[in-house]
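All remarks here apply to the structure that follows.
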Amino acid sequence: MTATAAFAGARRSSSEPLWRALAVFRFASVGYAALRLAFIDEGEYSRPDWAWAVIAVMAAWTAGTTIAYARPERRSRLLLCADLAVTVGLMMSTDVLQYPDATVHGALPVTATWMAGPVLAWAIRYGRRAGAITGLIVACCDLALQRDAALNAALNGAVLLLLAGWIVGHLARLAAQVETERQHAIEVEAASRERERLARGIHDSVLQVLALVQRRGAEAGGAAAELGRLAGQQEAALRALVGDSWTGSGAAGGPEADLRQLVLPAQTDRVTVSVPAQPVLLERTAATELAAAVRAALDNIQRHCGETTRAWVLVEDEPELVRVTIRDDGPGIPDGRLAQAAAAGRFGISHSISGRLRDLGGTATVSSVLGEGTVVELRLPCAAAIAVATSPGTA
Amino acid sequence: MPDVNQSAKARVMVVDDHPMWRDAVARDLTEAGYAVVATAADGAQALRVAGAARPDVVVLDLRLPDMSGVEVTRGLQAAHPAVRVLVLSASGEQQDVLDAVKAGAVGYLLKSATGQELLDAVRRTADGEAVFTPGLAALVLGEFRRLSAAPAGAGRGVPRLSERETEILRMVATGLSYKQIATRLVLSHRTVQNHVQNTLGKLQLHNRVELVRYAIEHGLAGEFEAGEPAGS
């Protein structure tokens, strides 16, 4: 529904130049008709004074319709019908003004080219079909007037009218389409600019305050520390949200994905994600799988070591492999327990992390010292992930 | 303003366009006994005020309304080489942080760091130590990898990390403290610190060499020299 409304709106605004062109055409045609009556066909008229009266009416009607058509809301079906009727009527008056054999000598109706006015108006207002039908009506009247003339010449004018109605209607529709697309593009641009503006605003205000609350809360301790922690989480989440719309690189489209954009959202007040400044490009599925493995490792830490354990994620883009290191400062895993658990198939690491990496052609290693936390290292050779060896900026 | 003669502690300038944040940081620093000799809300003001205020340490927000923190860092380093710049930034501005560090900033802290972490960072910056967060370590690691991956033509003066430096940076990047690293590698705390500092030094030196090379190649060397006396 809104699309139709927008299209109608676009049609109105895009057709304005066409209406102005129509006015020019009509005034020029009145001039041409007057010139023909004065110099070319003057000998063909039995009642030239009445013919001049018709020219005067044409001029008045031209002025009237030009004023009327200037406002979109006045371009009603009634007015267009009246336009057609008046034009055809004036044209048909030729029959009683000229000598019967005038058309045989090649004289034109008193209206001359002016009769095309309503055809163009209908085409502009209602499209090519209306234009063609109006063109046909006027052409038939014209043919009726020129019944005695050579069919050849009369037919020429009729075809011209028909085609003019069709083509101008087509043109009007094309203009409307272009206008709709242009309006759509403007809307999209305005929306994205607004989003950027909001992101900047949020960045400069809300994020700063949230960071401040987090900081002050952590210092105050107790219940305030909890508030601070929540503020920190919201800060990270909000930052990821507005950050994405800024860069636009990462989440969507393209055969490659920037691993950083997929891993950075894992940043919270307890998890620090550190990445290089250059994009870490991997084949899309490899990147999402690797990011999923990182999340699995982080979930694992939270599950086994509790909420208060801190974790660090380091993403490294080396020439021959991409390496993600996840370290926590939890209690660590006692010697042998890891192997035991893996053998029994119970431990999350073996499936959701190692399995994923194995499917990708990489490896996952877990090392732990009791009391000093656990380190999970994920290595993905570039050959396996079809990584781009040279990131942009080095080439 | 506190007593400026309390000069055992460093003179600090705080540059941040957010008044609430700027005041909070200035208050924390003042309470800890630092002389906050100036605050500035934008880069132009910071560069203008720095000459008169003569701070030892500039706590600089990377995102300022008029110019980037990178440009401010460069300007401060050019006009006052002794000033040590500690960059504060939100996360997700990796390239800006890296550029600021290459331009001469000696430390980087997330804006969400606690007051204690901030004081600690300012103290270390004032002592001439590099303040490495995990994030900065990852950026520096990435930058050395980028440089070494560059085509051989540009590669003559390209700095490289020693194996030890890489090892230490990777440990910093995964959240280990200097003390933990020293224990693991059986090194002194000071040695770990020196290694970390060296990596930054190499990067900044390389950056300066690149700038000069660029200037010479593009016929800007004269202007460079003309600009120097004002700097030092």
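Ordering of the structure tokens sets the chain letters (A, B, ...); residue numbers start at 1 within each chain; ligands are numbered from 1 in the order shown.
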
I'd like a table as CSV: residues in chain A with an atom no more than 10 Å from chain B, each row giving the shortest atom pair and its distance in Å to one decimal, only C-alpha atoms counted, sorted by chain and rising residue number.
residue,atom,partner,partner_atom,distance
A:His203,CA,B:Ala90,CA,8.8
A:Asp204,CA,B:His18,CA,7.3
A:Ser205,CA,B:His18,CA,7.7
A:Leu207,CA,B:Ala90,CA,8.6
A:Gln208,CA,B:Trp21,CA,7.2
A:Val209,CA,B:Trp21,CA,7.8
A:Leu210,CA,B:Ser112,CA,8.5
A:Ala211,CA,B:Ser112,CA,4.8
A:Leu212,CA,B:Ser112,CA,6.9
A:Val213,CA,B:Ser112,CA,8.9
A:Gln214,CA,B:Ser112,CA,6.7
A:Arg215,CA,B:Thr114,CA,4.7
A:Arg216,CA,B:Thr114,CA,7.3
A:Gly217,CA,B:Thr114,CA,8.9
A:Ala218,CA,B:Thr114,CA,6.8
A:Glu219,CA,B:Thr114,CA,7.0
A:Gly232,CA,B:Ser112,CA,7.6
A:Glu235,CA,B:Ser112,CA,9.0
A:Ala236,CA,B:Ser91,CA,8.5
A:Arg239,CA,B:Ser91,CA,8.1
A:Ala240,CA,B:Gly92,CA,8.1
A:Gly243,CA,B:Gly92,CA,7.2
A:Asp244,CA,B:Gly92,CA,9.7
A:Arg260,CA,B:Gly92,CA,9.9
A:Gln261,CA,B:Gly92,CA,9.5
A:Leu264,CA,B:Gly92,CA,8.1
A:Pro265,CA,B:Gly92,CA,10.0
A:Gln267,CA,B:Ser91,CA,9.3
A:Asp269,CA,B:Ser112,CA,8.7
A:Thr272,CA,B:Pro134,CA,7.7
A:Val273,CA,B:Gly135,CA,7.2
A:Ser274,CA,B:Gly135,CA,4.5
A:Val275,CA,B:Ala138,CA,5.6
A:Pro276,CA,B:Leu139,CA,4.5
A:Ala277,CA,B:Gln95,CA,4.9
A:Gln278,CA,B:Gly142,CA,7.5
A:Arg310,CA,B:Gly175,CA,9.1
A:Ala311,CA,B:Gly175,CA,7.9
A:Trp312,CA,B:Thr174,CA,5.1
A:Val313,CA,B:Thr174,CA,6.4
A:Leu314,CA,B:Thr174,CA,6.1
A:Val315,CA,B:Ala138,CA,7.5
A:Glu316,CA,B:Gly142,CA,6.8
A:Asp317,CA,B:Gly142,CA,7.0
A:Glu318,CA,B:Arg145,CA,6.7
A:Pro319,CA,B:Ala149,CA,7.1
A:Thr325,CA,B:Thr174,CA,7.4
A:Ile326,CA,B:Thr174,CA,7.3
A:Arg327,CA,B:Thr174,CA,6.2
A:Asp328,CA,B:Thr174,CA,8.5
A:Asp329,CA,B:Gly175,CA,8.9
A:Glu372,CA,B:Gln180,CA,9.8
A:Val375,CA,B:Thr174,CA,9.2
A:Ala389,CA,B:Ala149,CA,8.7
A:Thr390,CA,B:Ala149,CA,7.2
A:Ser391,CA,B:Arg146,CA,8.0
A:Pro392,CA,B:Arg146,CA,9.8
A:Gly393,CA,B:Arg146,CA,8.7
A:Thr394,CA,B:Ala150,CA,5.2
A:Ala395,CA,B:Ala150,CA,7.0

For the selection just defined, write its residues with C-alpha atoms to a file, as a PDB file, in the first residue's frame.
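Writing done, so here's result09.pdb:
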ATOM      1  CA  HIS A 203      29.502   6.823  21.903  1.00  0.00           C
ATOM      2  CA  ASP A 204      30.089  10.295  23.274  1.00  0.00           C
ATOM      3  CA  SER A 205      27.542  10.143  26.070  1.00  0.00           C
ATOM      4  CA  LEU A 207      28.973   4.736  26.744  1.00  0.00           C
ATOM      5  CA  GLN A 208      31.107   7.180  28.686  1.00  0.00           C
ATOM      6  CA  VAL A 209      28.642   7.295  31.534  1.00  0.00           C
ATOM      7  CA  LEU A 210      28.288   3.517  31.601  1.00  0.00           C
ATOM      8  CA  ALA A 211      32.063   3.172  31.704  1.00  0.00           C
ATOM      9  CA  LEU A 212      32.171   5.707  34.521  1.00  0.00           C
ATOM     10  CA  VAL A 213      29.483   3.834  36.471  1.00  0.00           C
ATOM     11  CA  GLN A 214      31.409   0.631  35.968  1.00  0.00           C
ATOM     12  CA  ARG A 215      34.568   2.240  37.258  1.00  0.00           C
ATOM     13  CA  ARG A 216      33.011   3.956  40.249  1.00  0.00           C
ATOM     14  CA  GLY A 217      31.044   0.836  41.095  1.00  0.00           C
ATOM     15  CA  ALA A 218      34.101  -1.343  41.130  1.00  0.00           C
ATOM     16  CA  GLU A 219      35.782   1.114  43.472  1.00  0.00           C
ATOM     17  CA  GLY A 232      30.052  -2.733  32.138  1.00  0.00           C
ATOM     18  CA  GLU A 235      28.540  -0.862  27.817  1.00  0.00           C
ATOM     19  CA  ALA A 236      30.203  -3.746  25.985  1.00  0.00           C
ATOM     20  CA  ARG A 239      29.384  -0.690  21.980  1.00  0.00           C
ATOM     21  CA  ALA A 240      29.318  -3.843  19.897  1.00  0.00           C
ATOM     22  CA  GLY A 243      30.325  -0.276  16.477  1.00  0.00           C
ATOM     23  CA  ASP A 244      29.035  -2.733  13.918  1.00  0.00           C
ATOM     24  CA  ARG A 260      37.775  -9.937  14.782  1.00  0.00           C
ATOM     25  CA  GLN A 261      34.206  -8.772  14.223  1.00  0.00           C
ATOM     26  CA  LEU A 264      34.963  -8.989  19.673  1.00  0.00           C
ATOM     27  CA  PRO A 265      31.322  -9.217  20.818  1.00  0.00           C
ATOM     28  CA  GLN A 267      34.092  -8.904  25.287  1.00  0.00           C
ATOM     29  CA  ASP A 269      33.692  -6.990  31.999  1.00  0.00           C
ATOM     30  CA  THR A 272      39.113  -9.198  27.477  1.00  0.00           C
ATOM     31  CA  VAL A 273      39.329  -9.699  23.720  1.00  0.00           C
ATOM     32  CA  SER A 274      42.544  -8.468  22.077  1.00  0.00           C
ATOM     33  CA  VAL A 275      42.907  -8.341  18.317  1.00  0.00           C
ATOM     34  CA  PRO A 276      45.286  -6.864  15.730  1.00  0.00           C
ATOM     35  CA  ALA A 277      44.480  -3.580  13.985  1.00  0.00           C
ATOM     36  CA  GLN A 278      44.197  -5.246  10.560  1.00  0.00           C
ATOM     37  CA  ARG A 310      38.504 -13.621  34.236  1.00  0.00           C
ATOM     38  CA  ALA A 311      39.426 -14.649  30.731  1.00  0.00           C
ATOM     39  CA  TRP A 312      41.540 -13.231  27.931  1.00  0.00           C
ATOM     40  CA  VAL A 313      41.148 -13.950  24.229  1.00  0.00           C
ATOM     41  CA  LEU A 314      44.025 -13.170  21.886  1.00  0.00           C
ATOM     42  CA  VAL A 315      43.568 -13.294  18.113  1.00  0.00           C
ATOM     43  CA  GLU A 316      46.766 -13.501  16.057  1.00  0.00           C
ATOM     44  CA  ASP A 317      47.075 -13.474  12.300  1.00  0.00           C
ATOM     45  CA  GLU A 318      50.370 -15.127  11.430  1.00  0.00           C
ATOM     46  CA  PRO A 319      51.575 -15.678   7.877  1.00  0.00           C
ATOM     47  CA  THR A 325      44.477 -18.158  22.563  1.00  0.00           C
ATOM     48  CA  ILE A 326      41.987 -18.269  25.413  1.00  0.00           C
ATOM     49  CA  ARG A 327      43.410 -18.051  28.910  1.00  0.00           C
ATOM     50  CA  ASP A 328      41.574 -17.948  32.221  1.00  0.00           C
ATOM     51  CA  ASP A 329      42.783 -17.307  35.737  1.00  0.00           C
ATOM     52  CA  GLU A 372      47.295 -20.943  37.431  1.00  0.00           C
ATOM     53  CA  VAL A 375      45.085 -22.029  28.279  1.00  0.00           C
ATOM     54  CA  ALA A 389      47.850 -14.123   3.217  1.00  0.00           C
ATOM     55  CA  THR A 390      48.357 -10.428   2.745  1.00  0.00           C
ATOM     56  CA  SER A 391      45.881  -8.243   4.494  1.00  0.00           C
ATOM     57  CA  PRO A 392      45.018  -4.902   2.871  1.00  0.00           C
ATOM     58  CA  GLY A 393      47.579  -2.208   3.535  1.00  0.00           C
ATOM     59  CA  THR A 394      50.558  -4.501   3.132  1.00  0.00           C
ATOM     60  CA  ALA A 395      50.067  -5.113  -0.571  1.00  0.00           C
TER      61      ALA A 395
END

Assign secondary structure with DSSP using the backbone only, and return the residues of stretch 33-201 of chain B in alpha helix (DSSP H) as a PyMOL selection string. chain B and resi 43-53+69-79+94-102+115-126+134-149+163-173+178-185+189-201

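Our summary of the geometry notes that atom CA of A:Ala175 is positioned 14.9 Å from atom CA of A:Leu120.
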
Close residues, B:Tyr178 itself excluded, 9 Å, only C-alpha atoms, min 4 positions apart in chain, as a ChimeraX atom specification: /B:168,171-172,182-183,189-190,192-193

Using the selection just defined, write its residues with C-alpha atoms as a compact mmCIF listing (two decimals), in the first residue's frame.
# COMPACT_ATOMS: atom_id res chain seq x y z
CA ILE B 168 56.50 -11.89 26.42
CA MET B 171 51.84 -13.40 27.61
CA VAL B 172 50.90 -9.76 28.18
CA ALA B 182 58.92 -12.88 35.28
CA THR B 183 58.17 -15.91 37.42
CA HIS B 189 60.58 -7.94 36.68
CA ARG B 190 62.82 -5.21 35.26
CA VAL B 192 60.38 -8.20 31.37
CA GLN B 193 59.58 -4.50 31.50

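Pairwise distance (atom CA of B:Ala32, atom CA of B:Val57) equals 14.6 Å.
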
Write out as a VMD selection string which residues come within 12 Å of stretch 151-165 of chain A when counting only C-alpha atoms, dropping same-chain ones fewer than 6 positions away. chain A and resid 103 to 109 112 to 145 171 to 172

What would the file look like if the residues just selected were written as a PDB file, in the first residue's frame with C-alpha atoms?
ATOM      1  CA  THR A 103      -8.388  19.483 -47.183  1.00  0.00           C
ATOM      2  CA  VAL A 104      -7.741  18.286 -50.673  1.00  0.00           C
ATOM      3  CA  HIS A 105      -5.388  21.269 -51.087  1.00  0.00           C
ATOM      4  CA  GLY A 106      -3.556  20.139 -47.958  1.00  0.00           C
ATOM      5  CA  ALA A 107      -5.080  22.644 -45.532  1.00  0.00           C
ATOM      6  CA  LEU A 108      -4.929  21.633 -41.884  1.00  0.00           C
ATOM      7  CA  PRO A 109      -7.820  21.972 -39.405  1.00  0.00           C
ATOM      8  CA  ALA A 112      -3.361  22.494 -36.475  1.00  0.00           C
ATOM      9  CA  THR A 113      -0.924  20.810 -34.050  1.00  0.00           C
ATOM     10  CA  TRP A 114      -2.791  22.238 -31.051  1.00  0.00           C
ATOM     11  CA  MET A 115      -5.142  19.245 -31.099  1.00  0.00           C
ATOM     12  CA  ALA A 116      -2.387  17.070 -29.613  1.00  0.00           C
ATOM     13  CA  GLY A 117      -2.630  18.984 -26.288  1.00  0.00           C
ATOM     14  CA  PRO A 118      -5.208  16.776 -24.501  1.00  0.00           C
ATOM     15  CA  VAL A 119      -3.538  13.622 -25.867  1.00  0.00           C
ATOM     16  CA  LEU A 120      -0.302  14.602 -24.128  1.00  0.00           C
ATOM     17  CA  ALA A 121      -2.193  15.694 -21.002  1.00  0.00           C
ATOM     18  CA  TRP A 122      -3.959  12.319 -20.736  1.00  0.00           C
ATOM     19  CA  ALA A 123      -0.690  10.489 -21.335  1.00  0.00           C
ATOM     20  CA  ILE A 124       1.128  12.455 -18.647  1.00  0.00           C
ATOM     21  CA  ARG A 125      -1.703  12.101 -16.160  1.00  0.00           C
ATOM     22  CA  TYR A 126      -2.857   8.515 -16.723  1.00  0.00           C
ATOM     23  CA  GLY A 127      -0.084   6.737 -18.632  1.00  0.00           C
ATOM     24  CA  ARG A 128       0.487   5.310 -22.068  1.00  0.00           C
ATOM     25  CA  ARG A 129      -2.790   3.452 -22.465  1.00  0.00           C
ATOM     26  CA  ALA A 130      -4.892   6.569 -21.705  1.00  0.00           C
ATOM     27  CA  GLY A 131      -2.556   8.552 -23.959  1.00  0.00           C
ATOM     28  CA  ALA A 132      -2.980   6.096 -26.808  1.00  0.00           C
ATOM     29  CA  ILE A 133      -6.793   5.996 -26.459  1.00  0.00           C
ATOM     30  CA  THR A 134      -7.079   9.791 -26.395  1.00  0.00           C
ATOM     31  CA  GLY A 135      -4.704   9.891 -29.340  1.00  0.00           C
ATOM     32  CA  LEU A 136      -7.004   7.471 -31.169  1.00  0.00           C
ATOM     33  CA  ILE A 137     -10.102   9.620 -30.451  1.00  0.00           C
ATOM     34  CA  VAL A 138      -8.464  12.787 -31.712  1.00  0.00           C
ATOM     35  CA  ALA A 139      -7.006  10.943 -34.693  1.00  0.00           C
ATOM     36  CA  CYS A 140     -10.467   9.603 -35.652  1.00  0.00           C
ATOM     37  CA  CYS A 141     -11.933  13.119 -35.531  1.00  0.00           C
ATOM     38  CA  ASP A 142      -9.034  14.332 -37.621  1.00  0.00           C
ATOM     39  CA  LEU A 143      -9.592  11.562 -40.155  1.00  0.00           C
ATOM     40  CA  ALA A 144     -13.318  12.439 -40.257  1.00  0.00           C
ATOM     41  CA  LEU A 145     -12.403  16.051 -41.066  1.00  0.00           C
ATOM     42  CA  LEU A 171       8.008   8.546 -20.513  1.00  0.00           C
ATOM     43  CA  ALA A 172       5.854   9.733 -17.624  1.00  0.00           C
TER      44      ALA A 172
END

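Atom CA of A:Ala38 sits 27.3 Å away from atom CA of A:Ile67.
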
Tell me, as a PyMOL selection string, which residues lie within 12 Å of A:Tyr69, counting only C-alpha atoms; anything in the same chain fewer than 2 positions away does not count. chain A and resi 12+15-23+61-67+71-77+79-80+83+117-118+121-122+124-125

Once you have the residues from the selection above, write them out as a tab-separated table (two decimals), in the first residue's frame, restricted to N, CA and C atoms.
chain	number	residue	atom	x	y	z
A	12	ARG	N	3.56	12.17	-9.28
A	12	ARG	CA	3.15	13.58	-9.29
A	12	ARG	C	4.36	14.51	-9.42
A	15	SER	N	6.35	14.35	-12.75
A	15	SER	CA	5.69	14.75	-14.00
A	15	SER	C	5.63	16.26	-14.16
A	16	GLU	N	6.03	17.01	-13.14
A	16	GLU	CA	5.93	18.48	-13.22
A	16	GLU	C	6.60	19.05	-14.48
A	17	PRO	N	7.85	18.65	-14.77
A	17	PRO	CA	8.48	19.20	-15.98
A	17	PRO	C	7.68	18.88	-17.24
A	18	LEU	N	7.03	17.70	-17.25
A	18	LEU	CA	6.24	17.32	-18.42
A	18	LEU	C	5.05	18.26	-18.59
A	19	TRP	N	4.42	18.62	-17.47
A	19	TRP	CA	3.27	19.55	-17.55
A	19	TRP	C	3.72	20.90	-18.08
A	20	ARG	N	4.92	21.34	-17.63
A	20	ARG	CA	5.41	22.63	-18.12
A	20	ARG	C	5.71	22.54	-19.62
A	21	ALA	N	6.27	21.40	-20.03
A	21	ALA	CA	6.56	21.22	-21.45
A	21	ALA	C	5.28	21.25	-22.27
A	22	LEU	N	4.21	20.65	-21.68
A	22	LEU	CA	2.92	20.65	-22.36
A	22	LEU	C	2.41	22.07	-22.58
A	23	ALA	N	2.55	22.92	-21.56
A	23	ALA	CA	2.10	24.32	-21.67
A	23	ALA	C	2.87	25.01	-22.80
A	61	TRP	N	-8.28	29.17	-23.98
A	61	TRP	CA	-8.33	27.84	-23.38
A	61	TRP	C	-6.91	27.38	-22.97
A	62	THR	N	-5.95	27.72	-23.82
A	62	THR	CA	-4.57	27.37	-23.50
A	62	THR	C	-4.13	28.05	-22.20
A	63	ALA	N	-4.44	29.33	-22.10
A	63	ALA	CA	-4.08	30.05	-20.88
A	63	ALA	C	-4.80	29.43	-19.68
A	64	GLY	N	-6.12	29.14	-19.89
A	64	GLY	CA	-6.91	28.57	-18.79
A	64	GLY	C	-6.38	27.22	-18.33
A	65	THR	N	-6.12	26.32	-19.29
A	65	THR	CA	-5.65	24.98	-18.88
A	65	THR	C	-4.25	25.05	-18.28
A	66	THR	N	-3.43	25.97	-18.79
A	66	THR	CA	-2.09	26.07	-18.23
A	66	THR	C	-2.16	26.43	-16.75
A	67	ILE	N	-3.04	27.39	-16.45
A	67	ILE	CA	-3.21	27.77	-15.04
A	67	ILE	C	-3.79	26.60	-14.24
A	71	ARG	N	-1.50	23.18	-10.87
A	71	ARG	CA	-1.65	22.60	-9.53
A	71	ARG	C	-2.05	21.14	-9.65
A	72	PRO	N	-1.31	20.22	-9.06
A	72	PRO	CA	-1.58	18.78	-9.20
A	72	PRO	C	-3.01	18.42	-8.81
A	73	GLU	N	-3.55	19.05	-7.75
A	73	GLU	CA	-4.87	18.62	-7.29
A	73	GLU	C	-5.97	19.02	-8.27
A	74	ARG	N	-5.67	19.93	-9.21
A	74	ARG	CA	-6.70	20.35	-10.17
A	74	ARG	C	-6.70	19.50	-11.44
A	75	ARG	N	-5.72	18.56	-11.52
A	75	ARG	CA	-5.66	17.75	-12.74
A	75	ARG	C	-6.66	16.61	-12.62
A	76	SER	N	-7.93	16.94	-12.55
A	76	SER	CA	-8.96	15.93	-12.33
A	76	SER	C	-9.40	15.34	-13.67
A	77	ARG	N	-10.07	14.21	-13.56
A	77	ARG	CA	-10.58	13.55	-14.76
A	77	ARG	C	-11.55	14.47	-15.51
A	79	LEU	N	-11.59	17.77	-15.64
A	79	LEU	CA	-10.88	18.81	-16.39
A	79	LEU	C	-10.28	18.22	-17.66
A	80	LEU	N	-9.68	17.01	-17.52
A	80	LEU	CA	-9.04	16.41	-18.70
A	80	LEU	C	-10.09	16.06	-19.76
A	83	ASP	N	-11.06	19.25	-21.37
A	83	ASP	CA	-9.97	19.64	-22.27
A	83	ASP	C	-10.12	18.93	-23.61
A	117	GLY	N	-2.72	18.59	-27.70
A	117	GLY	CA	-2.63	18.98	-26.29
A	117	GLY	C	-3.28	18.00	-25.32
A	118	PRO	N	-4.58	17.70	-25.46
A	118	PRO	CA	-5.21	16.78	-24.50
A	118	PRO	C	-4.63	15.37	-24.57
A	121	ALA	N	-1.75	15.52	-22.39
A	121	ALA	CA	-2.19	15.69	-21.00
A	121	ALA	C	-2.66	14.36	-20.43
A	122	TRP	N	-3.48	13.63	-21.20
A	122	TRP	CA	-3.96	12.32	-20.74
A	122	TRP	C	-2.79	11.35	-20.54
A	124	ILE	N	0.34	12.09	-19.81
A	124	ILE	CA	1.13	12.46	-18.65
A	124	ILE	C	0.39	12.07	-17.37
A	125	ARG	N	-0.94	12.31	-17.39
A	125	ARG	CA	-1.70	12.10	-16.16
A	125	ARG	C	-1.98	10.62	-15.91

Any idea what's packed within 12 Å of B:Lys9, counting only C-alpha atoms, ignoring anything in its chain fewer than 4 positions away? Could you give it as an NGL selection string? :B and (2-5 or 29-37 or 55-57 or 119 or 122-127)

Could you please take those selected residues and save C-alpha atoms as a tab-separated table (two decimals), in the first residue's frame?
chain	number	residue	atom	x	y	z
B	2	PRO	CA	46.21	21.69	44.25
B	3	ASP	CA	49.58	22.89	45.41
B	4	VAL	CA	51.82	22.81	42.38
B	5	ASN	CA	54.93	22.58	44.53
B	29	LEU	CA	44.48	12.22	40.12
B	30	THR	CA	44.34	15.21	42.46
B	31	GLU	CA	43.27	13.01	45.35
B	32	ALA	CA	46.20	10.74	44.65
B	33	GLY	CA	48.49	13.76	44.96
B	34	TYR	CA	49.17	14.50	41.31
B	35	ALA	CA	49.26	18.09	40.15
B	36	VAL	CA	46.60	18.37	37.46
B	37	VAL	CA	48.11	21.43	35.82
B	55	PRO	CA	52.85	18.64	31.97
B	56	ASP	CA	54.96	15.51	32.43
B	57	VAL	CA	52.09	13.24	31.53
B	119	LEU	CA	46.39	5.86	38.83
B	122	VAL	CA	49.70	7.37	35.25
B	123	ARG	CA	52.35	6.50	37.84
B	124	ARG	CA	54.06	4.11	35.47
B	125	THR	CA	53.82	6.56	32.58
B	126	ALA	CA	55.37	9.26	34.75
B	127	ASP	CA	58.17	6.82	35.63

Compile the contact shell of B:Ala44 as a list in words: residues with an atom at most 8 Å away, counting only C-alpha atoms, same-chain residues fewer than 3 positions apart removed. Leu47, Arg48, Asp66, Met67 and Val72 of chain B

Please return as an MDAnalysis selection string: the residues of stretch 18-227 of chain B that backbone DSSP assigns to strand (DSSP E). chainID B and resid 35:40 57:61 84:89 107:110

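Among the candidates B:Glu217, B:Arg208, B:Thr199, B:Gly128, the one nearest to B:Ala78 when counting only C-alpha atoms is B:Arg208.
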